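Novice: Here you go, this is target-v8.pdb (PDB, C-alpha atoms).
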```pdb
ATOM      1  CA  MET A   7      15.114 -66.867   0.353  1.00  0.00           C
ATOM      2  CA  GLU A   8      13.887 -64.164  -1.983  1.00  0.00           C
ATOM      3  CA  THR A   9      10.304 -64.685  -1.014  1.00  0.00           C
ATOM      4  CA  LYS A  10      11.188 -64.596   2.626  1.00  0.00           C
ATOM      5  CA  GLY A  11      12.897 -61.178   2.200  1.00  0.00           C
ATOM      6  CA  ARG A  12       9.948 -59.736   0.324  1.00  0.00           C
ATOM      7  CA  SER A  13       7.406 -60.987   2.784  1.00  0.00           C
ATOM      8  CA  ALA A  14       9.321 -59.476   5.712  1.00  0.00           C
ATOM      9  CA  TYR A  15       7.998 -55.970   4.868  1.00  0.00           C
ATOM     10  CA  LEU A  16       4.547 -57.042   3.773  1.00  0.00           C
ATOM     11  CA  PRO A  17       2.734 -55.980   6.982  1.00  0.00           C
ATOM     12  CA  TYR A  18       4.344 -52.546   6.793  1.00  0.00           C
ATOM     13  CA  ARG A  19       3.334 -52.117   3.148  1.00  0.00           C
ATOM     14  CA  LYS A  20      -0.220 -53.129   3.949  1.00  0.00           C
ATOM     15  CA  ARG A  21      -0.313 -50.718   6.865  1.00  0.00           C
ATOM     16  CA  LEU A  22       1.065 -47.893   4.655  1.00  0.00           C
ATOM     17  CA  LYS A  23      -1.491 -48.606   1.915  1.00  0.00           C
ATOM     18  CA  TRP A  24      -4.281 -48.649   4.461  1.00  0.00           C
ATOM     19  CA  TRP A  25      -3.073 -45.356   6.002  1.00  0.00           C
ATOM     20  CA  LEU A  26      -2.809 -43.669   2.574  1.00  0.00           C
ATOM     21  CA  LYS A  27      -6.233 -44.941   1.533  1.00  0.00           C
ATOM     22  CA  ASN A  28      -7.921 -43.685   4.716  1.00  0.00           C
ATOM     23  CA  ASN A  29      -6.109 -40.349   4.905  1.00  0.00           C
ATOM     24  CA  VAL A  30      -6.374 -39.108   1.320  1.00  0.00           C
ATOM     25  CA  THR A  31      -8.372 -36.004   2.255  1.00  0.00           C
ATOM     26  CA  PHE A  32      -5.895 -35.180   5.004  1.00  0.00           C
ATOM     27  CA  LEU A  33      -3.012 -35.469   2.531  1.00  0.00           C
ATOM     28  CA  ILE A  34      -4.829 -33.337  -0.043  1.00  0.00           C
ATOM     29  CA  ILE A  35      -5.439 -30.616   2.558  1.00  0.00           C
ATOM     30  CA  ILE A  36      -1.774 -30.655   3.560  1.00  0.00           C
ATOM     31  CA  ALA A  37      -0.717 -30.477  -0.106  1.00  0.00           C
ATOM     32  CA  VAL A  38      -3.007 -27.483  -0.728  1.00  0.00           C
ATOM     33  CA  ILE A  39      -1.641 -25.716   2.346  1.00  0.00           C
ATOM     34  CA  CYS A  40       1.918 -26.367   1.176  1.00  0.00           C
ATOM     35  CA  VAL A  41       1.148 -25.009  -2.302  1.00  0.00           C
ATOM     36  CA  ILE A  42      -0.426 -21.860  -0.829  1.00  0.00           C
ATOM     37  CA  ALA A  43       2.542 -21.355   1.496  1.00  0.00           C
ATOM     38  CA  ALA A  44       4.947 -21.798  -1.448  1.00  0.00           C
ATOM     39  CA  LEU A  45       3.023 -19.212  -3.497  1.00  0.00           C
ATOM     40  CA  ILE A  46       3.043 -16.717  -0.629  1.00  0.00           C
ATOM     41  CA  PHE A  47       6.755 -17.278  -0.058  1.00  0.00           C
ATOM     42  CA  GLY A  48       7.440 -16.843  -3.782  1.00  0.00           C
ATOM     43  CA  MET A  49       5.476 -13.588  -3.893  1.00  0.00           C
ATOM     44  CA  GLU A  50       7.331 -12.284  -0.849  1.00  0.00           C
ATOM     45  CA  ALA A  51      10.675 -13.168  -2.434  1.00  0.00           C
ATOM     46  CA  TYR A  52       9.664 -11.364  -5.651  1.00  0.00           C
ATOM     47  CA  ASN A  53       8.448  -8.330  -3.718  1.00  0.00           C
ATOM     48  CA  TYR A  54      11.660  -8.283  -1.671  1.00  0.00           C
ATOM     49  CA  GLU A  55      13.715  -8.119  -4.862  1.00  0.00           C
ATOM     50  CA  ARG A  56      11.456  -5.418  -6.324  1.00  0.00           C
ATOM     51  CA  VAL A  57      11.561  -3.371  -3.109  1.00  0.00           C
ATOM     52  CA  LYS A  58      15.345  -3.600  -2.860  1.00  0.00           C
ATOM     53  CA  SER A  59      15.785  -2.541  -6.491  1.00  0.00           C
ATOM     54  CA  MET A  60      13.248   0.262  -5.929  1.00  0.00           C
ATOM     55  CA  GLU A  61      15.247   1.487  -2.932  1.00  0.00           C
ATOM     56  CA  ALA A  62      18.450   1.444  -4.993  1.00  0.00           C
ATOM     57  CA  ILE A  63      16.889   3.249  -7.967  1.00  0.00           C
ATOM     58  CA  LEU A  64      15.204   5.967  -5.908  1.00  0.00           C
ATOM     59  CA  ASP A  65      18.017   6.184  -3.355  1.00  0.00           C
ATOM     60  CA  LYS A  66      15.406   6.193  -0.589  1.00  0.00           C
ATOM     61  CA  ASN A  67      14.765   3.848   2.299  1.00  0.00           C
ATOM     62  CA  ILE A  68      11.522   1.852   2.086  1.00  0.00           C
ATOM     63  CA  LYS A  69      10.461   3.223   5.481  1.00  0.00           C
ATOM     64  CA  THR A  70      10.883   6.759   4.150  1.00  0.00           C
ATOM     65  CA  ILE A  71       8.813   5.885   1.103  1.00  0.00           C
ATOM     66  CA  HIS A  72       6.072   4.239   3.172  1.00  0.00           C
ATOM     67  CA  ARG A  73       5.876   6.740   6.017  1.00  0.00           C
ATOM     68  CA  LYS A  74       6.846  10.103   4.563  1.00  0.00           C
ATOM     69  CA  THR A  75       7.066  10.606   0.845  1.00  0.00           C
ATOM     70  CA  GLY A  76       5.228   7.894  -1.043  1.00  0.00           C
ATOM     71  CA  ILE A  77       6.038   7.457  -4.736  1.00  0.00           C
ATOM     72  CA  THR A  78       6.076  10.828  -6.484  1.00  0.00           C
ATOM     73  CA  ASP A  79       5.713  11.546 -10.201  1.00  0.00           C
ATOM     74  CA  ASN A  80       9.479  11.744 -10.685  1.00  0.00           C
ATOM     75  CA  ASP A  81       9.910   8.448  -8.865  1.00  0.00           C
ATOM     76  CA  VAL A  82       7.341   6.772 -11.113  1.00  0.00           C
ATOM     77  CA  GLU A  83       9.172   7.958 -14.231  1.00  0.00           C
ATOM     78  CA  ARG A  84      12.472   6.588 -12.929  1.00  0.00           C
ATOM     79  CA  LEU A  85      10.888   3.280 -11.950  1.00  0.00           C
ATOM     80  CA  LYS A  86       9.087   2.871 -15.280  1.00  0.00           C
ATOM     81  CA  LYS A  87      12.415   3.119 -17.092  1.00  0.00           C
ATOM     82  CA  THR A  88      13.865   0.190 -15.169  1.00  0.00           C
ATOM     83  CA  HIS A  89      10.687  -1.909 -14.637  1.00  0.00           C
ATOM     84  CA  PRO A  90       8.415  -1.126 -17.613  1.00  0.00           C
ATOM     85  CA  GLY A  91       6.158  -4.156 -17.112  1.00  0.00           C
ATOM     86  CA  PHE A  92       5.034  -3.228 -13.612  1.00  0.00           C
ATOM     87  CA  ASN A  93       2.045  -0.932 -13.007  1.00  0.00           C
ATOM     88  CA  TRP A  94       3.480   1.646 -10.607  1.00  0.00           C
ATOM     89  CA  GLU A  95       0.292   3.725 -10.639  1.00  0.00           C
ATOM     90  CA  LYS A  96      -1.618   1.098  -8.638  1.00  0.00           C
ATOM     91  CA  THR A  97       0.885   0.611  -5.833  1.00  0.00           C
ATOM     92  CA  TRP A  98      -0.195   1.521  -2.335  1.00  0.00           C
ATOM     93  CA  ASP A  99       2.499   4.165  -1.862  1.00  0.00           C
ATOM     94  CA  ARG A 100       1.579   5.864  -5.143  1.00  0.00           C
ATOM     95  CA  GLU A 101      -2.135   5.967  -4.326  1.00  0.00           C
ATOM     96  CA  ARG A 102      -1.376   7.266  -0.852  1.00  0.00           C
ATOM     97  CA  TRP A 103       0.875  10.002  -2.302  1.00  0.00           C
ATOM     98  CA  LEU A 104      -1.817  11.029  -4.807  1.00  0.00           C
ATOM     99  CA  GLU A 105      -4.450  11.137  -2.047  1.00  0.00           C
ATOM    100  CA  GLY A 106      -2.093  13.215   0.096  1.00  0.00           C
ATOM    101  CA  GLU A 107      -1.517  15.638  -2.780  1.00  0.00           C
ATOM    102  CA  GLU A 108      -5.272  15.933  -3.338  1.00  0.00           C
ATOM    103  CA  LYS A 109      -5.904  16.517   0.375  1.00  0.00           C
ATOM    104  CA  GLU A 110      -3.159  19.136   0.443  1.00  0.00           C
ATOM    105  CA  ARG A 111      -4.716  20.921  -2.560  1.00  0.00           C
ATOM    106  CA  ASP A 112      -8.135  20.838  -0.883  1.00  0.00           C
ATOM    107  CA  ARG A 113      -6.659  22.135   2.363  1.00  0.00           C
ATOM    108  CA  LEU A 114      -4.905  24.976   0.557  1.00  0.00           C
ATOM    109  CA  GLN A 115      -8.106  25.889  -1.287  1.00  0.00           C
ATOM    110  CA  MET A 116     -10.048  25.899   1.986  1.00  0.00           C
ATOM    111  CA  GLU A 117      -7.344  28.032   3.599  1.00  0.00           C
ATOM    112  CA  LYS A 118      -7.440  30.464   0.689  1.00  0.00           C
ATOM    113  CA  ALA A 119     -11.236  30.633   0.816  1.00  0.00           C
ATOM    114  CA  ARG A 120     -11.157  31.215   4.568  1.00  0.00           C
ATOM    115  CA  GLN A 121      -8.594  33.989   4.212  1.00  0.00           C
ATOM    116  CA  SER A 122     -10.541  35.692   1.448  1.00  0.00           C
ATOM    117  CA  TYR A 123     -13.718  35.411   3.547  1.00  0.00           C
ATOM    118  CA  GLN A 124     -11.945  36.938   6.553  1.00  0.00           C
ATOM    119  CA  LEU A 125     -10.556  39.698   4.338  1.00  0.00           C
ATOM    120  CA  GLN A 126     -14.016  40.373   2.953  1.00  0.00           C
ATOM    121  CA  GLU A 127     -15.480  40.456   6.481  1.00  0.00           C
ATOM    122  CA  LYS A 128     -12.800  42.908   7.576  1.00  0.00           C
ATOM    123  CA  GLU A 129     -13.504  45.055   4.540  1.00  0.00           C
ATOM    124  CA  THR A 130     -17.258  45.156   5.219  1.00  0.00           C
ATOM    125  CA  LEU A 131     -16.625  45.885   8.897  1.00  0.00           C
ATOM    126  CA  TYR A 132     -14.279  48.700   7.898  1.00  0.00           C
ATOM    127  CA  GLN A 133     -16.893  50.103   5.491  1.00  0.00           C
ATOM    128  CA  LEU A 134     -19.568  49.981   8.213  1.00  0.00           C
ATOM    129  CA  LYS A 135     -17.326  51.797  10.697  1.00  0.00           C
ATOM    130  CA  LYS A 136     -16.440  54.348   8.049  1.00  0.00           C
ATOM    131  CA  ARG A 137     -20.145  54.992   7.399  1.00  0.00           C
ATOM    132  CA  GLU A 138     -20.819  55.254  11.143  1.00  0.00           C
ATOM    133  CA  ASN A 139     -18.041  57.772  11.567  1.00  0.00           C
ATOM    134  CA  LYS A 140     -19.333  59.825   8.638  1.00  0.00           C
ATOM    135  CA  ALA A 141     -22.855  59.720  10.048  1.00  0.00           C
ATOM    136  CA  ARG A 142     -21.634  60.833  13.482  1.00  0.00           C
ATOM    137  CA  GLY A 143     -19.539  63.587  11.989  1.00  0.00           C
ATOM    138  CA  ARG A 144     -22.494  65.070  10.113  1.00  0.00           C
ATOM    139  CA  LYS A 145     -24.805  65.176  13.097  1.00  0.00           C
TER     140      LYS A 145
END
```
Take the structure in the file and write it out as structure tokens.
Specialist:
Amino acid sequence: METKGRSAYLPYRKRLKWWLKNNVTFLIIIAVICVIAALIFGMEAYNYERVKSMEAILDKNIKTIHRKTGITDNDVERLKKTHPGFNWEKTWDRERWLEGEEKERDRLQMEKARQSYQLQEKETLYQLKKRENKARGRK
């Protein structure tokens, strides 16, 4: 009776072995995709925790940080105290804030240069008119 019970599933075992043998590459591809998906999900879960703790530490909403302020110098100091192992200088928000600060400095310098140029032009125009008026008054 034992042999009869064992032999009852023999065709299914053979079919399973055949399927596994012929579909090894398919199974490997699926396993690689599953590993990649697990890594992505794990990174997202870690980032979610980091983002939520960053929001709590800075008392800012992540949308405010992304769209308006970025990560300022004071924010970096506060974040380094709580998460010393993370490189806050290379985050996207920090780089965007630094670029914005640099652009603002450049814009202010250009504005200052333009104003000084306009002031200089007005001064030279005033000097020319003054000379013209003197020349007309003498004749």
Novice: Hey, which of A:Glu117, A:Glu61, A:Glu138, A:Asp99 ends up closest to A:Lys74? Count all atoms listed in the file.
Specialist: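 The closest residue to A:Lys74 is A:Asp99.
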Novice: Please identify all polymer residues within 12 Å of stretch 91-94 of chain A, counting only C-alpha atoms, omitting same-chain residues fewer than 2 positions from it, and present them as a list in words.
Specialist: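 The neighbour list is Asn53, Arg56, Met60, Gly76, Ile77, Thr78, Asp79, Asn80, Asp81, Val82, Glu83, Arg84, Leu85, Lys86, Lys87, Thr88, His89, Lys96, Thr97, Trp98, Asp99, Arg100 and Glu101 of chain A.
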Novice: How far is it from atom CA of A:Asn29 to atom CA of A:Phe47, in Å with one decimal?
Specialist: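 Answer for the atom CA of A:Asn29 to atom CA of A:Phe47 separation: 26.9 Å.
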Novice: For the atom pair atom CA of A:Tyr132 and atom CA of A:Met116, what is the interatomic distance in Å to one decimal place?
Specialist: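 Distance between the two atoms: 23.9 Å.
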Novice: Quick one, how far is atom CA of A:Arg120 from atom CA of A:Asn139?
Specialist: 28.3 Å
